[in-house]
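Peer 1: Quick one: structure below, then a few questions.
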Amino acid sequence: MFRSKAERKVQEAGYDPARLPPGQYLTAKWPVLHAGSVPRYDGLTGWTLRIFGDVANELELTWEQFQQLPRASNVQDIHCVTRWSKFDTAFEGVHWRELAKLAQPSPTARFAIAHAEAGFTSNVPLSFLEDDGALLATHGDGAPLTPDHGYPLRLVIAGKYFWKSAKWLRGIELSSIDKPGFWERYGYNNDADPWREERYGF
């Protein structure tokens with residue numbers, strides 16, 4: 001027995017309907033959604049990634065230095081608060097553990113705040129960043145990220161609505177306290193669990 005017409009379409013596409021969170025529909029495309037304009041880069045000479053806050057060693061890596069870190073990849077389903085889901089999305093990049101080795105998070109660090117272009121932020125518990133499914137991604141579906149999808153670097157947080165996966169990442173701040181991000185300050189749910197339909201409100 002299906003919950004919805006959306007689940008029937010998932011089965012017709014050859015997938016297990018149980019993979020679709022409530023209120024979602026399946027798409028083979030990767031829709032583009034963001035607030036503000038898309039950053040454009042004339043090369044990445046001046047690009048840096050900062051790791052700061054509750055760490056023993058603050059970092060500021062150039063693109064070349066970031067590219068030298070060990071690589072990781074995974075395949076996961078992604079879910080947008082606007083109700084689309086895309087299954088089996090491949091990501092490649094660097095796992096947080098490689099940066100943690102260099103920055104050495106303090107024992108007080110419990111939350112991670114992603115800092116992106118134009119002052120955009122997104123917040124998650126540090127445990128979400130440590131999850132095997134999380135990545136600082138440079139590639140999606142076998143190709144470098146496009147500008148619309150966060151080139152050159154996007155945070156990917158597994159199992160949460162996709163606004164937590166900040167595009168155009170420029171820094172990660174560790175903190176002992178939670179700091180609501182851009183969308184959370186506009187009323188989006190702080191936990192963003194698609195299986196519980198935590199779309200809006202705390």
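Naming works like this for the structure tokens: A, B, ... for the chains as they're shown, residue 1 at the start of each chain, ligands 1 onward in shown order.
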Report as a ChimeraX atom specification all protein, DNA and RNA residues lying within 6 Å of segment 59-66 of chain A, evaluated on only C-alpha atoms, omitting residues in the same chain fewer than 5 positions from it.

Peer 2: /A:48-51

Peer 1: Write a file of the just-selected residues containing N, CA and C atoms, as a short mmCIF file (atom, residue, chain, number, x, y, z; two decimals), in the first residue's frame.

Peer 2:
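This is the output file part-v5.cif:
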```cif
data_model
loop_
_atom_site.label_atom_id
_atom_site.label_comp_id
_atom_site.auth_asym_id
_atom_site.auth_seq_id
_atom_site.Cartn_x
_atom_site.Cartn_y
_atom_site.Cartn_z
N THR A 48 40.35 30.80 -0.74
CA THR A 48 40.85 30.09 0.44
C THR A 48 39.69 29.48 1.21
N LEU A 49 40.00 28.47 2.00
CA LEU A 49 39.05 27.84 2.90
C LEU A 49 39.58 27.97 4.31
N ARG A 50 38.78 28.59 5.20
CA ARG A 50 39.18 28.78 6.59
C ARG A 50 38.53 27.73 7.49
N ILE A 51 39.29 27.22 8.44
CA ILE A 51 38.79 26.39 9.52
C ILE A 51 39.15 27.13 10.80
#
```

Peer 1: Wanna dump the segment 69-184 of chain A-segment 189-192 of chain A contacts at 12 Å for me, each residue with its shortest atom pair and the distance in Å to one decimal, counting only C-alpha atoms, ordered by chain and number, as JSON lines?

Peer 2:
```
{"residue": "A:His79", "atom": "CA", "partner": "A:Ala192", "partner_atom": "CA", "distance": 10.1}
{"residue": "A:Cys80", "atom": "CA", "partner": "A:Ala192", "partner_atom": "CA", "distance": 9.8}
{"residue": "A:Val81", "atom": "CA", "partner": "A:Ala192", "partner_atom": "CA", "distance": 8.4}
{"residue": "A:Ser122", "atom": "CA", "partner": "A:Asn190", "partner_atom": "CA", "distance": 9.6}
{"residue": "A:Asn123", "atom": "CA", "partner": "A:Asn190", "partner_atom": "CA", "distance": 8.0}
{"residue": "A:Val124", "atom": "CA", "partner": "A:Asp191", "partner_atom": "CA", "distance": 7.8}
{"residue": "A:Pro125", "atom": "CA", "partner": "A:Asp191", "partner_atom": "CA", "distance": 9.1}
{"residue": "A:Phe128", "atom": "CA", "partner": "A:Asp191", "partner_atom": "CA", "distance": 10.7}
{"residue": "A:Ile157", "atom": "CA", "partner": "A:Ala192", "partner_atom": "CA", "distance": 10.7}
{"residue": "A:Ala158", "atom": "CA", "partner": "A:Ala192", "partner_atom": "CA", "distance": 11.0}
{"residue": "A:Gly159", "atom": "CA", "partner": "A:Ala192", "partner_atom": "CA", "distance": 8.8}
{"residue": "A:Lys160", "atom": "CA", "partner": "A:Ala192", "partner_atom": "CA", "distance": 5.4}
{"residue": "A:Tyr161", "atom": "CA", "partner": "A:Ala192", "partner_atom": "CA", "distance": 5.4}
{"residue": "A:Phe162", "atom": "CA", "partner": "A:Ala192", "partner_atom": "CA", "distance": 8.5}
{"residue": "A:Trp163", "atom": "CA", "partner": "A:Ala192", "partner_atom": "CA", "distance": 8.5}
{"residue": "A:Lys164", "atom": "CA", "partner": "A:Ala192", "partner_atom": "CA", "distance": 7.7}
{"residue": "A:Ser165", "atom": "CA", "partner": "A:Ala192", "partner_atom": "CA", "distance": 11.0}
{"residue": "A:Asp178", "atom": "CA", "partner": "A:Asn190", "partner_atom": "CA", "distance": 9.7}
{"residue": "A:Lys179", "atom": "CA", "partner": "A:Asn190", "partner_atom": "CA", "distance": 9.8}
{"residue": "A:Pro180", "atom": "CA", "partner": "A:Asn190", "partner_atom": "CA", "distance": 7.1}
{"residue": "A:Gly181", "atom": "CA", "partner": "A:Asn190", "partner_atom": "CA", "distance": 8.5}
{"residue": "A:Phe182", "atom": "CA", "partner": "A:Asn190", "partner_atom": "CA", "distance": 10.7}
{"residue": "A:Trp183", "atom": "CA", "partner": "A:Asn189", "partner_atom": "CA", "distance": 8.4}
{"residue": "A:Glu184", "atom": "CA", "partner": "A:Asn190", "partner_atom": "CA", "distance": 5.9}
```

Peer 1: Keeping only N, CA and C atoms, write those residues as a PDB file, in the first residue's frame.

Peer 2:
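Generated output (result.pdb):
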```pdb
ATOM      1  N   HIS A  79      17.567  15.325  -0.644  1.00  0.00           N
ATOM      2  CA  HIS A  79      16.170  15.728  -0.492  1.00  0.00           C
ATOM      3  C   HIS A  79      16.105  17.233  -0.248  1.00  0.00           C
ATOM      4  N   CYS A  80      15.326  17.920  -1.040  1.00  0.00           N
ATOM      5  CA  CYS A  80      15.177  19.370  -0.907  1.00  0.00           C
ATOM      6  C   CYS A  80      13.897  19.699  -0.156  1.00  0.00           C
ATOM      7  N   VAL A  81      13.934  20.765   0.620  1.00  0.00           N
ATOM      8  CA  VAL A  81      12.750  21.197   1.355  1.00  0.00           C
ATOM      9  C   VAL A  81      11.608  21.584   0.413  1.00  0.00           C
ATOM     10  N   SER A 122      25.225  28.080   7.334  1.00  0.00           N
ATOM     11  CA  SER A 122      24.385  26.918   7.589  1.00  0.00           C
ATOM     12  C   SER A 122      24.971  26.184   8.786  1.00  0.00           C
ATOM     13  N   ASN A 123      24.122  25.758   9.709  1.00  0.00           N
ATOM     14  CA  ASN A 123      24.605  25.175  10.962  1.00  0.00           C
ATOM     15  C   ASN A 123      24.159  23.732  11.126  1.00  0.00           C
ATOM     16  N   VAL A 124      25.050  22.906  11.672  1.00  0.00           N
ATOM     17  CA  VAL A 124      24.731  21.514  12.002  1.00  0.00           C
ATOM     18  C   VAL A 124      25.520  21.111  13.237  1.00  0.00           C
ATOM     19  N   PRO A 125      25.051  20.111  13.987  1.00  0.00           N
ATOM     20  CA  PRO A 125      25.908  19.530  15.020  1.00  0.00           C
ATOM     21  C   PRO A 125      27.183  18.975  14.387  1.00  0.00           C
ATOM     22  N   PHE A 128      27.228  15.606  12.591  1.00  0.00           N
ATOM     23  CA  PHE A 128      26.755  15.477  11.208  1.00  0.00           C
ATOM     24  C   PHE A 128      27.913  15.619  10.233  1.00  0.00           C
ATOM     25  N   ILE A 157      25.840  17.447   3.548  1.00  0.00           N
ATOM     26  CA  ILE A 157      25.447  16.870   4.827  1.00  0.00           C
ATOM     27  C   ILE A 157      24.424  15.771   4.556  1.00  0.00           C
ATOM     28  N   ALA A 158      24.778  14.549   4.869  1.00  0.00           N
ATOM     29  CA  ALA A 158      23.936  13.402   4.536  1.00  0.00           C
ATOM     30  C   ALA A 158      22.679  13.361   5.399  1.00  0.00           C
ATOM     31  N   GLY A 159      21.563  12.987   4.773  1.00  0.00           N
ATOM     32  CA  GLY A 159      20.351  12.683   5.506  1.00  0.00           C
ATOM     33  C   GLY A 159      19.544  13.864   5.988  1.00  0.00           C
ATOM     34  N   LYS A 160      19.912  15.085   5.587  1.00  0.00           N
ATOM     35  CA  LYS A 160      19.178  16.281   5.981  1.00  0.00           C
ATOM     36  C   LYS A 160      18.666  17.002   4.732  1.00  0.00           C
ATOM     37  N   TYR A 161      17.645  17.830   4.909  1.00  0.00           N
ATOM     38  CA  TYR A 161      17.219  18.649   3.779  1.00  0.00           C
ATOM     39  C   TYR A 161      18.431  19.395   3.231  1.00  0.00           C
ATOM     40  N   PHE A 162      18.423  19.595   1.931  1.00  0.00           N
ATOM     41  CA  PHE A 162      19.643  19.990   1.233  1.00  0.00           C
ATOM     42  C   PHE A 162      20.078  21.425   1.496  1.00  0.00           C
ATOM     43  N   TRP A 163      19.248  22.245   2.163  1.00  0.00           N
ATOM     44  CA  TRP A 163      19.733  23.595   2.455  1.00  0.00           C
ATOM     45  C   TRP A 163      20.884  23.552   3.467  1.00  0.00           C
ATOM     46  N   LYS A 164      20.982  22.445   4.215  1.00  0.00           N
ATOM     47  CA  LYS A 164      22.107  22.307   5.145  1.00  0.00           C
ATOM     48  C   LYS A 164      23.428  22.102   4.403  1.00  0.00           C
ATOM     49  N   SER A 165      23.365  21.735   3.131  1.00  0.00           N
ATOM     50  CA  SER A 165      24.564  21.475   2.320  1.00  0.00           C
ATOM     51  C   SER A 165      24.958  22.750   1.588  1.00  0.00           C
ATOM     52  N   ASP A 178      25.272  26.498  19.358  1.00  0.00           N
ATOM     53  CA  ASP A 178      24.659  26.481  18.035  1.00  0.00           C
ATOM     54  C   ASP A 178      24.410  27.921  17.572  1.00  0.00           C
ATOM     55  N   LYS A 179      24.585  28.164  16.281  1.00  0.00           N
ATOM     56  CA  LYS A 179      24.357  29.488  15.703  1.00  0.00           C
ATOM     57  C   LYS A 179      23.490  29.310  14.469  1.00  0.00           C
ATOM     58  N   PRO A 180      22.190  29.578  14.586  1.00  0.00           N
ATOM     59  CA  PRO A 180      21.290  29.352  13.446  1.00  0.00           C
ATOM     60  C   PRO A 180      21.798  30.012  12.172  1.00  0.00           C
ATOM     61  N   GLY A 181      21.674  29.271  11.049  1.00  0.00           N
ATOM     62  CA  GLY A 181      22.150  29.760   9.766  1.00  0.00           C
ATOM     63  C   GLY A 181      21.142  30.656   9.066  1.00  0.00           C
ATOM     64  N   PHE A 182      21.448  30.988   7.825  1.00  0.00           N
ATOM     65  CA  PHE A 182      20.629  31.920   7.031  1.00  0.00           C
ATOM     66  C   PHE A 182      19.177  31.474   6.970  1.00  0.00           C
ATOM     67  N   TRP A 183      18.926  30.230   6.549  1.00  0.00           N
ATOM     68  CA  TRP A 183      17.551  29.765   6.379  1.00  0.00           C
ATOM     69  C   TRP A 183      16.864  29.537   7.724  1.00  0.00           C
ATOM     70  N   GLU A 184      17.623  29.118   8.711  1.00  0.00           N
ATOM     71  CA  GLU A 184      17.036  28.920  10.039  1.00  0.00           C
ATOM     72  C   GLU A 184      16.538  30.250  10.607  1.00  0.00           C
TER      73      GLU A 184
END
```

Peer 1: When you draw a straight line from atom CA of Val156 of chain A to atom CA of Asp141 of chain A, how long is it in Å?

Peer 2: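 If I compute the distance from atom CA of Val156 of chain A to atom CA of Asp141 of chain A, I get 13.2 Å.
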
Peer 1: If you run DSSP on the backbone, which residues of segment 5-80 of chain A are strand (DSSP E), as a PyMOL selection string?

Peer 2: chain A and resi 25-26+48-53+59-62+72-79

Peer 1: Which one is closest to Val38 of chain A: A:Ala6, A:Ala56, A:Ile172, A:Ala116? Count only C-alpha atoms.

Peer 2: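 Using only C-alpha atoms, the shortest distance to Val38 of chain A belongs to A:Ala116.
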
Peer 1: So how many Å separate atom CA of Gly140 of chain A and atom CA of Leu44 of chain A, to one decimal?

Peer 2: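 Atom CA of Gly140 of chain A sits 18.9 Å away from atom CA of Leu44 of chain A.
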
Peer 1: To test your reading of the structure, identify every residue in segment 33-175 of chain A that backbone DSSP assigns to helix (DSSP H, G or I), and report it as a list in words.

Peer 2: Trp63, Glu64, Gln65, Phe66, Gln67, Trp96, Arg97, Glu98, Leu99, Ala100, Lys101, Leu102, Ala103, Glu117, Ala118, Gly119, Leu126, Ser127, Phe128, Leu129, Glu130, Pro147, Asp148, His149, Phe162, Trp163 and Lys164 of chain A
